[in-house]
Structure formats: C-alpha cells, structure tokens
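**Student:** The file below is query12.txt, compact mmCIF, C-alpha atoms:
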# COMPACT_ATOMS: atom_id res chain seq x y z
CA MET A 1 60.68 101.64 -200.95
CA GLU A 2 59.28 99.38 -198.26
CA PRO A 3 55.60 98.46 -198.51
CA ALA A 4 53.39 99.80 -195.75
CA GLU A 5 51.67 97.35 -193.47
CA GLY A 6 48.06 97.21 -192.38
CA PRO A 7 44.80 97.42 -194.29
CA GLY A 8 44.49 100.52 -196.39
CA ALA A 9 47.99 101.60 -195.51
CA LEU A 10 50.05 103.31 -198.11
CA SER A 11 53.64 104.20 -198.58
CA PHE A 12 54.79 107.51 -199.86
CA HIS A 13 57.54 108.88 -202.00
CA GLY A 14 59.07 111.60 -199.90
CA ASP A 15 61.09 113.13 -202.67
CA GLU A 16 57.95 113.87 -204.65
CA GLU A 17 56.44 115.76 -201.77
CA ILE A 18 59.25 118.12 -200.89
CA ILE A 19 58.07 121.68 -200.95
CA GLU A 20 61.24 123.46 -200.02
CA VAL A 21 64.54 123.24 -198.27
CA VAL A 22 64.87 125.94 -195.65
CA GLU A 23 68.32 127.38 -195.06
CA LEU A 24 69.12 128.76 -191.63
CA GLY A 25 68.57 132.48 -191.39
CA PRO A 26 69.56 135.14 -188.87
CA PRO A 27 68.16 134.95 -185.34
CA GLY A 28 64.79 136.55 -184.82
CA PRO A 29 62.17 136.89 -182.09
CA ASP A 30 61.20 133.51 -180.73
CA ASP A 31 59.24 131.31 -178.35
CA LEU A 32 59.14 127.92 -176.77
CA ALA A 33 57.14 124.91 -177.55
CA ASP A 34 56.78 121.40 -176.42
CA GLU A 35 54.77 118.37 -175.72
CA MET A 36 56.33 117.94 -172.30
CA GLU A 37 55.18 114.40 -171.94
CA ASP A 38 58.18 113.14 -170.10
CA VAL A 39 59.29 115.81 -167.73
CA ASP A 40 62.59 115.10 -166.10
CA PHE A 41 63.72 116.46 -162.77
CA ASP A 42 66.28 115.90 -160.11
CA ASP A 43 66.78 116.97 -156.52
CA GLU A 44 68.33 116.65 -153.03
CA GLY A 45 71.06 117.72 -150.73
CA ALA A 46 72.31 121.26 -150.60
CA GLU A 47 70.43 123.40 -148.12
CA GLU A 48 71.79 126.81 -148.90
CA PRO A 49 71.51 128.36 -152.34
CA ASP A 50 74.88 128.96 -153.88
CA ALA A 51 75.11 132.52 -155.05
CA GLU A 52 77.84 131.60 -157.49
CA ALA A 53 75.87 128.80 -159.06
CA TRP A 54 74.01 131.12 -161.33
CA GLU A 55 74.31 134.42 -163.06
CA THR A 56 71.91 136.57 -164.97
CA GLU A 57 73.06 137.98 -168.22
CA ASP A 58 71.87 141.18 -169.79
CA ASP A 59 70.97 141.26 -173.42
CA GLU A 60 73.87 142.80 -175.19
CA GLY A 61 74.44 143.42 -178.82
CA VAL A 62 74.57 140.22 -180.82
CA GLU A 63 78.08 139.70 -182.05
CA ASP A 64 79.23 137.77 -185.06
CA GLY A 65 81.37 135.40 -183.00
CA MET A 66 79.36 132.38 -181.92
CA GLU A 67 81.01 132.15 -178.53
CA ALA A 68 80.40 135.84 -177.82
CA GLN A 69 76.66 135.57 -178.42
CA ASP A 70 74.63 134.65 -175.37
CA ASP A 71 70.88 135.09 -175.64
CA SER A 72 70.16 133.41 -172.30
CA GLU A 73 68.68 135.09 -169.24
CA VAL A 74 70.01 132.70 -166.57
CA THR A 75 72.97 130.33 -166.49
CA PHE A 76 73.17 127.45 -163.99
CA SER A 77 76.80 126.44 -163.47
CA LEU A 78 76.92 123.96 -160.57
CA HIS A 79 77.66 120.94 -162.76
CA SER A 80 81.33 120.11 -163.31
CA ALA A 81 80.86 117.98 -166.45
CA SER A 82 78.43 117.58 -169.36
CA VAL A 83 74.79 118.06 -168.39
CA PHE A 84 72.77 115.25 -169.97
CA CYS A 85 69.14 115.84 -169.03
CA VAL A 86 66.68 118.52 -167.96
CA SER A 87 63.00 118.70 -167.15
CA LEU A 88 60.58 121.28 -165.82
CA ASP A 89 58.15 120.59 -163.02
CA PRO A 90 54.78 120.08 -164.75
CA LYS A 91 52.60 121.79 -162.16
CA THR A 92 54.18 125.24 -161.99
CA ASN A 93 57.06 125.16 -164.51
CA THR A 94 59.11 127.12 -161.98
CA LEU A 95 61.62 124.39 -161.11
CA ALA A 96 64.15 122.58 -163.27
CA VAL A 97 66.01 119.37 -162.59
CA THR A 98 69.28 118.63 -164.34
CA GLY A 99 71.52 115.55 -164.28
CA GLY A 100 75.05 115.20 -165.51
CA GLU A 101 78.22 113.27 -166.17
CA ASP A 102 79.51 114.48 -162.78
CA ASP A 103 77.17 111.91 -161.10
CA LYS A 104 75.09 114.79 -159.77
CA ALA A 105 71.53 116.02 -160.12
CA PHE A 106 70.20 119.36 -158.96
CA VAL A 107 66.76 120.87 -158.52
CA TRP A 108 66.89 124.62 -159.05
CA ARG A 109 64.70 127.63 -159.66
CA VAL A 110 64.27 128.67 -163.29
CA SER A 111 63.70 132.37 -162.55
CA ASP A 112 67.13 133.02 -161.06
CA GLY A 113 69.06 129.74 -161.01
CA GLU A 114 68.89 129.39 -157.23
CA LEU A 115 69.66 125.86 -156.03
CA LEU A 116 66.87 124.17 -154.05
CA PHE A 117 68.64 120.90 -153.34
CA GLU A 118 71.03 118.31 -154.71
CA CYS A 119 69.85 114.77 -155.44
CA SER A 120 72.83 113.12 -153.79
CA GLY A 121 74.11 109.59 -153.67
CA HIS A 122 74.55 108.72 -157.35
CA LYS A 123 77.81 107.06 -158.35
CA ASP A 124 77.46 107.19 -162.12
CA SER A 125 76.32 109.70 -164.75
CA VAL A 126 72.77 110.88 -164.10
CA THR A 127 71.04 110.40 -167.44
CA CYS A 128 67.37 110.48 -166.38
CA ALA A 129 65.53 112.94 -164.16
CA SER A 130 61.86 113.83 -164.03
CA PHE A 131 59.01 115.11 -161.88
CA SER A 132 55.83 113.22 -161.14
CA HIS A 133 52.69 114.53 -162.87
CA ASP A 134 51.79 116.70 -159.84
CA SER A 135 55.37 117.83 -159.08
CA VAL A 136 55.24 116.14 -155.65
CA PHE A 137 58.14 113.80 -156.39
CA VAL A 138 61.26 113.98 -158.51
CA ALA A 139 63.06 110.85 -159.72
CA THR A 140 66.71 110.62 -160.73
CA GLY A 141 68.41 107.68 -162.40
CA ASP A 142 72.04 106.99 -163.26
CA MET A 143 73.60 104.80 -165.91
CA SER A 144 74.44 102.02 -163.47
CA GLY A 145 70.75 101.60 -162.66
CA LEU A 146 70.45 103.34 -159.29
CA ILE A 147 67.11 105.13 -159.15
CA LYS A 148 66.18 107.56 -156.38
CA VAL A 149 62.94 109.41 -155.69
CA TRP A 150 62.77 112.60 -153.63
CA ARG A 151 59.86 114.51 -152.18
CA VAL A 152 60.21 118.04 -153.53
CA ASP A 153 58.71 119.98 -150.61
CA THR A 154 60.80 118.27 -147.91
CA LYS A 155 63.86 117.68 -150.15
CA GLU A 156 64.10 114.19 -148.67
CA GLU A 157 64.77 110.88 -150.40
CA VAL A 158 61.70 108.64 -150.04
CA TRP A 159 62.61 105.61 -152.16
CA SER A 160 65.47 104.02 -154.06
CA PHE A 161 66.06 100.87 -156.07
CA GLU A 162 68.85 99.41 -158.15
CA VAL A 163 68.20 97.71 -161.50
CA GLY A 164 70.43 96.83 -164.44
CA ASP A 165 72.02 99.48 -166.62
CA LEU A 166 69.38 102.19 -167.09
CA GLU A 167 68.18 103.15 -170.58
CA TRP A 168 65.18 105.43 -169.93
CA MET A 169 62.73 106.47 -167.23
CA GLU A 170 59.25 108.00 -167.21
CA TRP A 171 56.54 108.90 -164.72
CA HIS A 172 52.93 107.81 -165.24
CA PRO A 173 50.82 110.76 -166.51
CA GLN A 174 48.19 110.48 -163.76
CA ALA A 175 49.67 108.49 -160.86
CA HIS A 176 52.74 108.14 -158.65
CA VAL A 177 54.01 105.25 -160.76
CA LEU A 178 57.47 105.08 -162.30
CA LEU A 179 58.38 103.07 -165.43
CA VAL A 180 61.96 102.40 -166.56
CA GLY A 181 63.71 100.34 -169.22
CA THR A 182 67.02 98.55 -168.70
CA ALA A 183 69.82 97.05 -170.77
CA ASP A 184 68.74 93.48 -170.00
CA GLY A 185 65.49 94.02 -171.94
CA ASN A 186 63.22 94.36 -168.92
CA SER A 187 60.88 97.21 -168.12
CA TRP A 188 60.15 97.85 -164.44
CA MET A 189 57.13 99.61 -162.94
CA TRP A 190 56.84 100.72 -159.30
CA LYS A 191 54.25 102.44 -157.17
CA ILE A 192 55.95 105.30 -155.31
CA PRO A 193 56.73 105.40 -152.46
CA SER A 194 55.46 101.91 -151.52
CA GLY A 195 57.75 100.23 -154.05
CA ASP A 196 55.16 97.68 -155.26
CA CYS A 197 56.79 96.31 -158.40
CA LYS A 198 55.86 94.74 -161.73
CA THR A 199 58.22 93.70 -164.55
CA PHE A 200 57.68 93.35 -168.28
CA GLN A 201 60.14 90.96 -169.86
CA GLY A 202 61.28 91.90 -173.34
CA PRO A 203 63.77 90.22 -175.65
CA ALA A 204 67.30 89.60 -174.36
CA CYS A 205 68.54 92.99 -175.54
CA PRO A 206 68.27 96.55 -174.20
CA ALA A 207 64.87 98.25 -173.90
CA THR A 208 66.14 101.40 -175.62
CA CYS A 209 63.09 103.70 -175.39
CA GLY A 210 59.60 103.76 -173.97
CA ARG A 211 56.50 105.85 -173.44
CA ILE A 212 53.34 105.46 -171.40
CA LEU A 213 50.28 106.04 -173.58
CA PRO A 214 47.92 108.90 -172.64
CA ASP A 215 45.27 106.48 -171.35
CA GLY A 216 47.70 105.48 -168.60
CA LYS A 217 46.83 101.81 -169.15
CA ARG A 218 49.36 100.87 -171.82
CA ALA A 219 52.99 101.55 -172.62
CA VAL A 220 55.01 101.20 -175.80
CA VAL A 221 58.61 99.98 -175.50
CA GLY A 222 61.24 99.79 -178.24
CA TYR A 223 64.19 97.43 -178.21
CA GLU A 224 67.70 97.17 -179.61
CA ASP A 225 66.75 94.26 -181.90
CA GLY A 226 64.31 96.52 -183.79
CA THR A 227 61.15 95.15 -182.17
CA MET A 228 58.43 97.15 -180.48
CA ARG A 229 55.93 95.96 -177.90
CA ILE A 230 52.72 97.51 -176.58
CA TRP A 231 52.19 96.40 -172.97
CA ASP A 232 49.07 96.23 -170.83
CA LEU A 233 50.35 97.81 -167.61
CA LYS A 234 47.70 96.28 -165.36
CA GLN A 235 47.86 92.72 -166.66
CA GLY A 236 51.58 92.79 -167.42
CA THR A 237 50.93 91.21 -170.81
CA SER A 238 52.07 92.11 -174.30
CA LEU A 239 49.15 93.35 -176.43
CA HIS A 240 51.04 93.74 -179.71
CA VAL A 241 54.52 92.91 -180.98
CA LEU A 242 56.08 94.41 -184.09
CA LYS A 243 59.05 92.47 -185.39
CA GLY A 244 60.59 91.26 -188.62
CA GLN A 245 59.38 93.36 -191.55
CA ASP A 246 56.85 95.11 -189.33
CA GLY A 247 59.56 96.15 -186.90
CA HIS A 248 62.75 98.09 -187.52
CA GLN A 249 65.95 96.59 -188.91
CA ASP A 250 68.13 98.36 -186.35
CA PRO A 251 67.80 99.52 -182.73
CA LEU A 252 64.92 101.85 -181.85
CA THR A 253 66.07 105.27 -180.66
CA CYS A 254 62.83 107.09 -179.78
CA VAL A 255 59.08 106.71 -179.56
CA ALA A 256 56.20 109.19 -179.33
CA THR A 257 52.40 109.14 -179.19
CA ASN A 258 49.83 111.64 -180.38
CA GLN A 259 47.55 113.46 -177.96
CA ASP A 260 44.77 110.84 -177.78
CA GLY A 261 47.16 107.90 -177.93
CA SER A 262 45.68 106.45 -181.13
CA LEU A 263 48.97 106.73 -183.02
CA ILE A 264 52.51 105.75 -182.07
CA MET A 265 55.60 106.80 -183.97
CA THR A 266 58.90 104.98 -183.66
CA GLY A 267 62.35 106.06 -184.81
CA SER A 268 65.40 103.92 -185.41
CA VAL A 269 69.06 103.78 -186.35
CA ASP A 270 67.77 102.34 -189.67
CA CYS A 271 66.79 105.93 -190.70
CA HIS A 272 63.09 105.06 -190.77
CA ALA A 273 60.17 106.37 -188.74
CA LYS A 274 57.09 104.16 -188.52
CA LEU A 275 53.54 105.22 -187.79
CA VAL A 276 51.62 102.55 -185.86
CA SER A 277 48.01 102.21 -184.74
CA SER A 278 48.00 101.63 -180.98
CA ALA A 279 44.65 99.83 -181.22
CA THR A 280 45.65 97.24 -183.82
CA GLY A 281 49.43 97.26 -183.53
CA LYS A 282 49.61 97.57 -187.32
CA VAL A 283 52.02 99.80 -189.22
CA VAL A 284 50.10 102.60 -190.94
CA CYS A 285 53.02 103.92 -192.97
CA VAL A 286 56.79 104.14 -193.08
CA PHE A 287 58.64 107.43 -193.47
CA LYS A 288 61.94 106.71 -195.21
CA MET A 289 64.78 109.18 -195.07
CA GLU A 290 66.41 107.93 -198.26
CA ASN A 291 63.29 108.78 -200.23
CA MET A 292 63.11 112.37 -199.07
CA ALA A 293 65.72 114.02 -201.22
CA PRO A 294 69.25 113.65 -202.51
CA LYS A 295 71.61 114.29 -199.64
CA ALA A 296 74.02 117.17 -199.67
CA PRO A 297 77.47 115.98 -200.65
CA ALA A 298 79.08 114.41 -197.59
CA GLY A 299 82.81 113.91 -197.58
CA GLU A 300 83.32 110.20 -197.12
CA GLY A 301 79.63 109.37 -197.20
CA GLU A 302 79.72 108.14 -193.61
CA GLU A 303 76.87 110.45 -192.63
CA ALA A 304 74.46 108.67 -194.92
CA GLU A 305 75.12 105.30 -193.32
CA SER A 306 74.62 106.54 -189.78
CA ASN A 307 71.72 108.91 -190.35
CA SER A 308 69.56 107.67 -187.53
CA VAL A 309 66.28 109.15 -186.32
CA GLU A 310 67.17 111.01 -183.12
CA SER A 311 63.84 112.49 -182.02
CA LEU A 312 60.21 112.73 -183.11
CA GLY A 313 56.86 114.07 -182.00
CA PHE A 314 53.28 114.89 -182.93
CA CYS A 315 51.69 118.33 -183.29
CA ASN A 316 48.62 118.79 -181.05
CA VAL A 317 46.75 121.27 -183.23
CA MET A 318 47.33 120.00 -186.79
CA PRO A 319 47.78 116.52 -188.33
CA LEU A 320 51.56 116.94 -188.47
CA ALA A 321 54.53 115.02 -187.14
CA ALA A 322 58.19 116.01 -186.95
CA VAL A 323 61.22 113.77 -187.27
CA GLY A 324 64.76 114.91 -186.47
CA TYR A 325 67.73 113.13 -188.04
CA LEU A 326 71.40 112.84 -187.19
CA ASP A 327 72.37 114.57 -190.45
CA GLY A 328 70.56 117.73 -189.32
CA THR A 329 67.34 117.27 -191.29
CA LEU A 330 64.07 118.25 -189.62
CA ALA A 331 61.28 116.60 -191.61
CA ILE A 332 57.68 117.76 -191.18
CA TYR A 333 55.23 115.09 -192.31
CA ASP A 334 51.53 115.55 -193.12
CA LEU A 335 49.75 112.64 -191.44
CA SER A 336 46.56 113.00 -193.47
CA THR A 337 48.42 112.42 -196.74
CA GLN A 338 51.36 110.51 -195.22
CA SER A 339 53.75 112.71 -197.16
CA LEU A 340 56.66 115.03 -196.53
CA ARG A 341 55.52 118.62 -196.13
CA HIS A 342 58.76 120.46 -195.33
CA LYS A 343 62.42 119.70 -194.93
CA CYS A 344 64.32 122.12 -192.69
CA GLN A 345 68.08 121.74 -192.74
CA HIS A 346 70.42 122.24 -189.80
CA GLU A 347 74.17 122.48 -190.14
CA SER A 348 74.65 119.86 -187.40
CA GLY A 349 72.79 116.83 -186.13
CA ILE A 350 69.48 117.27 -184.31
CA VAL A 351 69.60 116.03 -180.73
CA GLN A 352 65.98 116.56 -179.76
CA LEU A 353 62.78 118.23 -180.94
CA LEU A 354 59.67 119.36 -179.07
CA TRP A 355 56.34 120.70 -180.27
CA GLU A 356 54.75 123.73 -178.70
CA GLU A 357 51.70 122.54 -176.80
CA ASN A 358 49.10 124.74 -178.50
CA SER A 359 50.52 125.69 -181.88
CA ALA A 360 52.23 124.33 -184.97
CA VAL A 361 55.68 125.46 -183.81
CA VAL A 362 58.44 122.92 -183.34
CA TYR A 363 61.67 123.50 -181.39
CA THR A 364 64.96 121.82 -182.16
CA CYS A 365 68.32 121.67 -180.41
CA SER A 366 71.39 120.52 -182.23
CA LEU A 367 75.06 119.68 -181.98
CA ASP A 368 75.96 123.24 -183.06
CA GLY A 369 74.74 124.56 -179.69
CA ALA A 370 71.66 126.46 -180.92
CA VAL A 371 67.93 126.22 -180.19
CA ARG A 372 65.69 126.99 -183.14
CA LEU A 373 61.96 127.55 -183.56
CA TRP A 374 60.27 126.47 -186.79
CA ASP A 375 56.82 127.22 -188.16
CA ALA A 376 55.67 123.78 -189.30
CA ARG A 377 53.04 125.30 -191.58
CA SER A 378 55.52 127.23 -193.71
CA GLY A 379 58.73 125.37 -192.91
CA LYS A 380 60.40 128.70 -192.09
CA MET A 381 62.66 129.29 -189.13
CA ILE A 382 61.08 131.72 -186.66
CA SER A 383 64.08 132.36 -184.45
CA GLU A 384 67.36 131.05 -183.14
CA TYR A 385 68.94 131.21 -179.67
CA ARG A 386 72.59 130.74 -178.81
CA GLY A 387 74.69 130.86 -175.69
CA HIS A 388 76.35 127.46 -175.25
CA SER A 389 79.96 126.86 -176.25
CA ALA A 390 79.32 123.15 -176.90
CA GLU A 391 76.54 120.91 -178.17
CA ILE A 392 73.10 121.03 -176.56
CA LEU A 393 72.28 117.60 -175.11
CA ASP A 394 68.71 118.13 -173.89
CA PHE A 395 66.11 120.87 -173.53
CA ALA A 396 62.65 121.53 -172.17
CA VAL A 397 59.92 124.05 -172.97
CA ASN A 398 57.40 125.39 -170.48
CA LYS A 399 53.64 125.15 -171.01
CA ASP A 400 53.02 128.67 -172.25
CA ALA A 401 56.03 128.48 -174.56
CA SER A 402 57.81 131.46 -173.01
CA ILE A 403 60.91 129.73 -171.65
CA VAL A 404 63.36 127.15 -172.96
CA VAL A 405 65.82 125.46 -170.61
CA THR A 406 68.85 123.78 -172.21
CA THR A 407 71.71 121.56 -171.05
CA SER A 408 75.05 121.23 -172.76
CA GLY A 409 78.43 119.59 -173.01
CA ASP A 410 79.86 122.92 -171.76
CA HIS A 411 78.82 121.89 -168.18
CA GLN A 412 76.05 124.49 -168.07
CA ALA A 413 72.27 124.76 -168.16
CA LYS A 414 70.73 127.92 -169.57
CA VAL A 415 67.30 129.57 -169.51
CA PHE A 416 66.16 131.41 -172.64
CA CYS A 417 63.12 133.68 -172.75
CA VAL A 418 61.44 133.36 -176.11
CA GLN A 419 59.12 136.10 -177.19
CA ARG A 420 57.37 136.00 -180.51
CA PRO A 421 55.60 139.00 -182.04
CA ASP A 422 52.94 136.74 -183.56
CA ARG A 423 51.68 135.56 -180.16
How does the structure come out when it is put into structure tokens?
**Tutor:**
Amino acid sequence: MEPAEGPGALSFHGDEEIIEVVELGPPGPDDLADEMEDVDFDDEGAEEPDAEAWETEDDEGVEDGMEAQDDSEVTFSLHSASVFCVSLDPKTNTLAVTGGEDDKAFVWRVSDGELLFECSGHKDSVTCASFSHDSVFVATGDMSGLIKVWRVDTKEEVWSFEVGDLEWMEWHPQAHVLLVGTADGNSWMWKIPSGDCKTFQGPACPATCGRILPDGKRAVVGYEDGTMRIWDLKQGTSLHVLKGQDGHQDPLTCVATNQDGSLIMTGSVDCHAKLVSSATGKVVCVFKMENMAPKAPAGEGEEAESNSVESLGFCNVMPLAAVGYLDGTLAIYDLSTQSLRHKCQHESGIVQLLWEENSAVVYTCSLDGAVRLWDARSGKMISEYRGHSAEILDFAVNKDASIVVTTSGDHQAKVFCVQRPDR
C-alpha cells in the first residue's frame, strides 16, 4: 500500500471496504446520465440529408442472441469505419457530432439521424470532436493534428490549425476558447475564431489527457511520464506539479474534476486513481486496484498487469466517485471515508463512464457492446442496452438523462432512449 500524501491524508484498504460484487443481470428499464463536461461534436459539408444514413428501429421482442437484440431508436450509418468519438450539443442536446477512422466527422440530428453537414477536409482518423459551450461552434481534430472549427448555423469552416499529433481536445466551459494536448508534450490554447494562441510546455512526452477546471482559469494536464500539472491559463504558468512518488508511475489515461473544481482525480496505466486538491496540488488519497479484492482467475494473468484505469468521474449529488478499469471493474468510492463502497463487475473492459447530472446513477460502456446504468447507492445494475455488433468506443448522455448516444467499432452510432420507472 502506498502512503497518501498531504496533511491529514489517509490511505485506505479497499479490500476491507467491499460491500458486494454485483453480477450482471437481465436488461431492465433504464436512463441516461452524465457529467457532460467535454462535449464533442463535428460538422461540415453535405448539404442534403441522406435518407439512407439513418433508420429507426421499432422495439421488438428481446431475443437471446446478442446480435439480434437492438434496443436503439435511431441508427446513424454514414461512417465507413470505426466511430471513435461522439458528443451532444450542450445548448439543446438535439445535435450529435461523431468522428471516425474513415477520416470523417458528421453533425447530425439525434431525433431521426438526419445529416446536417460533414466536417470535411480531415486526412486522418477523427478522434476528437466537440461543441463550444453555447453550441455556436463545433471543433474536430484528427490524429495528425489538424484541427478545424465550424460555425454550426452556417455550416462553414471558420478556423483551422495544424499542431503535432493530437492527444485530446476540449472547449472552455464559458468562452470560445479551445485547449488541446499533443504528443510533443505541449498544450495549446486558442481564442476562436481570431486564433490568438498560447502554449503550455510540458515534459518532452505526450500530454495524454487534460481538463479545464470549472473556474475557467486553470487546467489540469496529465502526461505520459506519470506527471500532472495544474496550469494558470491566463499567466501561462504552472501552479502545481505532481511527479515522482506524488505522480503516477505510468502514463496518465484520464482526469476529472468535481463540480466546484476543488478536487481532481487522475487515472493511470499503473492501475491507480489519485485524488488531488486543486488548491494545494497535494494528493489527498490513492485508490489502488490491487487492494480492492482478489481478482477473478485470469488465464495467463496478463489482465492483471495491464489493468489500467480507463475512465473516472465525480457524482454531483453525493460524495462519490467512480473509476472504470480495463478488467471490467466499476469501482464506486466514498470520498468522505476514502473507501470502496461498491464493486460492479463487467464481463469486458470498461471504455468510458459518465455520471447522470442530477442523480447517483453512473453509466458505463464496455468492450462487450453494451451500455449499462448502475445505482451507485446500492451498487445494483438498473438496466442494460444493446444494439452494437462490436465494442462501444464512446458515448454521451443528454442533460435530462433520457437519451444515450453511442459509437462503435461496427461503423455505427446509435441513439437509445432510456426510461426509468423510478424517475
């Protein structure tokens, strides 16, 4: 067990706190949830909606065969390869943007899958796409580092820039400002559409993840060497650096902040999640996967060595945090006691998780192609939605938690309506 850093910090023994292991049950009624802090969207190009790009699917009897079961309401099929990213427009939640391995990004209507426009001109896989806070602009970024911004109402490109290989991208929560991280360790910030630029120089290794804090004045960036930096966006200076024992021992994979920005959580390939005070830059506690419980027998034991943290997030209405692991474990931690509250097991690795905005419900998508809703208070699965024939690679939840939009390796995006009897 690694000692916690910071005054008054304490470590915890996860295995002593386990309440139960939840096995997956049959699908039930369900709903969406999410802290849509980074909304991703893409757009441009096609003028006429393509009637064949979407199809609505009636609810038919659920069949035993996984491929036969499709709980979705709308399927968007314009991509010709894996669809890597999706986001909903934050203002109305009526538009989705998706980007894929086919070097294309599309902005389309969630209600019926109608194409609004294609974000054209990319020459590599589109891995990032998101709307500005007011849904006026949509930005798309490809792996090679070409970033384009489109005005949604006119469907016209208003700005573009080329950086190094792109790792992540995020809009500012209150302004037309775009922040991205690249493989050379730099983070770039631009005013849109003027293009005024500022750079934040990290270590000479990829800036693997990043998040603008809710105050809009700071950003946290994680790096491949295990370090984390909190940046002052106005001054361009580093406020805090976590490295060595304070940092992670392997590359950071994800970062999240709570609603008021006082806490940051980082996840890493080293299987650990760290809780950090944004004010002091000190580690409050370390959540260690190996302490949670004995792992289920794994054939060659390779899973244990590569059990990275894939996604994490904070609950808005209770002092809870969720961490999703590559081995399929969803861990719900109680922040007030810094202990494990529930462990919910998936049959396949978790790709992403999102909290419902106004409840203690967490959504997960996994490599088995299903979206699941979990009650973080009880650790029980509320419902499960299927429809993809391959792994889900990204998903988004609308504000009122009634719709989930997913993207998959099966070249499709799907819209699921989630209705819960307890709402």
**Student:** Which protein, DNA or RNA residues have an atom at most 7 Å from (62.1, 104.3, -151.6), counting all atoms listed in the file? List them as a PyMOL selection string.
**Tutor:** chain A and resi 149+158-161+193+195
**Student:** Interatomic distance between CA of Arg386 (chain A) and CA of Cys254 (chain A)?
**Tutor:**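 About the pair CA of Arg386 (chain A) and CA of Cys254 (chain A): they are 25.6 Å apart.
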**Student:** Extract, using all atoms listed in the file, all DNA, RNA and protein residues at most 7 Å from Leu275 (chain A), discarding same-chain residues fewer than 4 positions from it, and format them as JSON, numbers by chain.
**Tutor:** {"A": [263, 264, 265, 266, 283, 284, 285, 286]}
**Student:** Go ahead and save the picked residues with C-alpha atoms, as a compact mmCIF listing (two decimals), in the coordinates of the input.
**Tutor:**
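So part-v3.txt came out as:
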# COMPACT_ATOMS: atom_id res chain seq x y z
CA LEU A 263 48.97 106.73 -183.02
CA ILE A 264 52.51 105.75 -182.07
CA MET A 265 55.60 106.80 -183.97
CA THR A 266 58.90 104.98 -183.66
CA VAL A 283 52.02 99.80 -189.22
CA VAL A 284 50.10 102.60 -190.94
CA CYS A 285 53.02 103.92 -192.97
CA VAL A 286 56.79 104.14 -193.08
**Student:** Find, counting only C-alpha atoms, the residue in A:Ser87, A:Ser238, A:Asn316, A:Ser120 that gets nearest to Asn358 (chain A).
**Tutor:**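 Closest candidate: A:Asn316.
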**Student:** Please indicate the distance in Å from CA of Gly164 (chain A) to CA of Phe137 (chain A), rounded to one decimal place.
**Tutor:**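 Separation of CA of Gly164 (chain A) and CA of Phe137 (chain A): 22.4 Å.
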**Student:** Find the distance between CA of Ala96 (chain A) and CA of Thr253 (chain A) and write it in Å to one decimal.
**Tutor:**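 So the answer is 24.6 Å.
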**Student:** Hey, what's within 9 Å of region 404-417 of chain A if we count all atoms listed in the file and toss same-chain stuff fewer than 3 positions away? As a ChimeraX atom specification, please?
**Tutor:** /A:30-33,71-88,96,98,100-101,110-111,113,365,369,371,385-398,401
**Student:** Between A:Ala105, A:Cys209, A:Val221, A:Ala376, which one has atoms that come closest to Glu310 (chain A), using only C-alpha atoms?
**Tutor:**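 With only C-alpha atoms as the atom set, the closest residue is A:Cys209.
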